[in-house]
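Reading through the structure tokens given below for one structure.
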Amino acid sequence: MLPTQGILRYYPLEGEAKNIGWLILECDRDLSLYYCHFLQKRWGIRLQHHRLGSHITVVRGEVVRHLLRWEAYPHQTIHFDYSNEIKTNGRYWWLNVYSPCLVSIRQELGLTVKPEYDLHVTIGVWVEANSTC
């Protein structure tokens, strides 16, 4: 596991009756660019950089039960560890992440400890041969 950090960004859906929002940890863009470059040089795989850049999705449009804790850590720097083993489902490419702090934030919001998809840094998306990072 390799250490690094990111900055929390809240994306609440204002006026959303079901009280859902998004919370991401924005990571250094160079993290995903490095792994995109590696995939292209090593295997000729070209990925499109995700529209949110290098990031970890902490809350993915889930119903937040403890609203008073929403935006409790605006622009907070959070440390995390990531694996350099690249994972894919054929379309999305990512690195697994370990972060007790992000798990704790999920708990504070009244969410399950484990999100639908394990915590990970999104590297990019394969769309077609002519797309790039």
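Each chain in the structure tokens gets a letter, A, B, ..., in the order shown, and its residues are numbered from 1; ligands are numbered from 1 in order too.
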
- [ ] Identify, with DSSP run on backbone atoms, the residues in range 59-130 of chain A assigned to strand (DSSP E or B), and express the list as a PyMOL selection string.
- [x] chain A and resi 59-63+77-88+92-98+120-125

Open item on the list: Show me, as a list in words, the residues that have an atom within 7 Å of Asp81 in chain A when counting only C-alpha atoms, minus same-chain residues fewer than 5 positions from it.
Closed with: Met1, Leu2, Pro3, Thr4, Val97, Tyr98 and Ser99 of chain A

- [ ] Could you pull out the residues in range 21-52 of chain A that DSSP calls helix (DSSP H, G or I) from the backbone, as number ranges by chain?
- [x] A: 29-43

Open item on the list: Measuring between only C-alpha atoms, which one of A:Arg65, A:Gly44, A:Trp70, A:Thr122 shows the shortest distance to Arg29 in chain A?
Closed with: A:Thr122

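Proximity ranking of A:Val59, A:Arg106, A:His120, A:Glu26 relative to Thr88 in chain A places A:His120 first, based on only C-alpha atoms.
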
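Among the candidate residues A:Val121, A:Glu108, A:Leu47, A:Ile56, the one lying nearest to Ala72 in chain A is A:Glu108, with distances computed using only C-alpha atoms.
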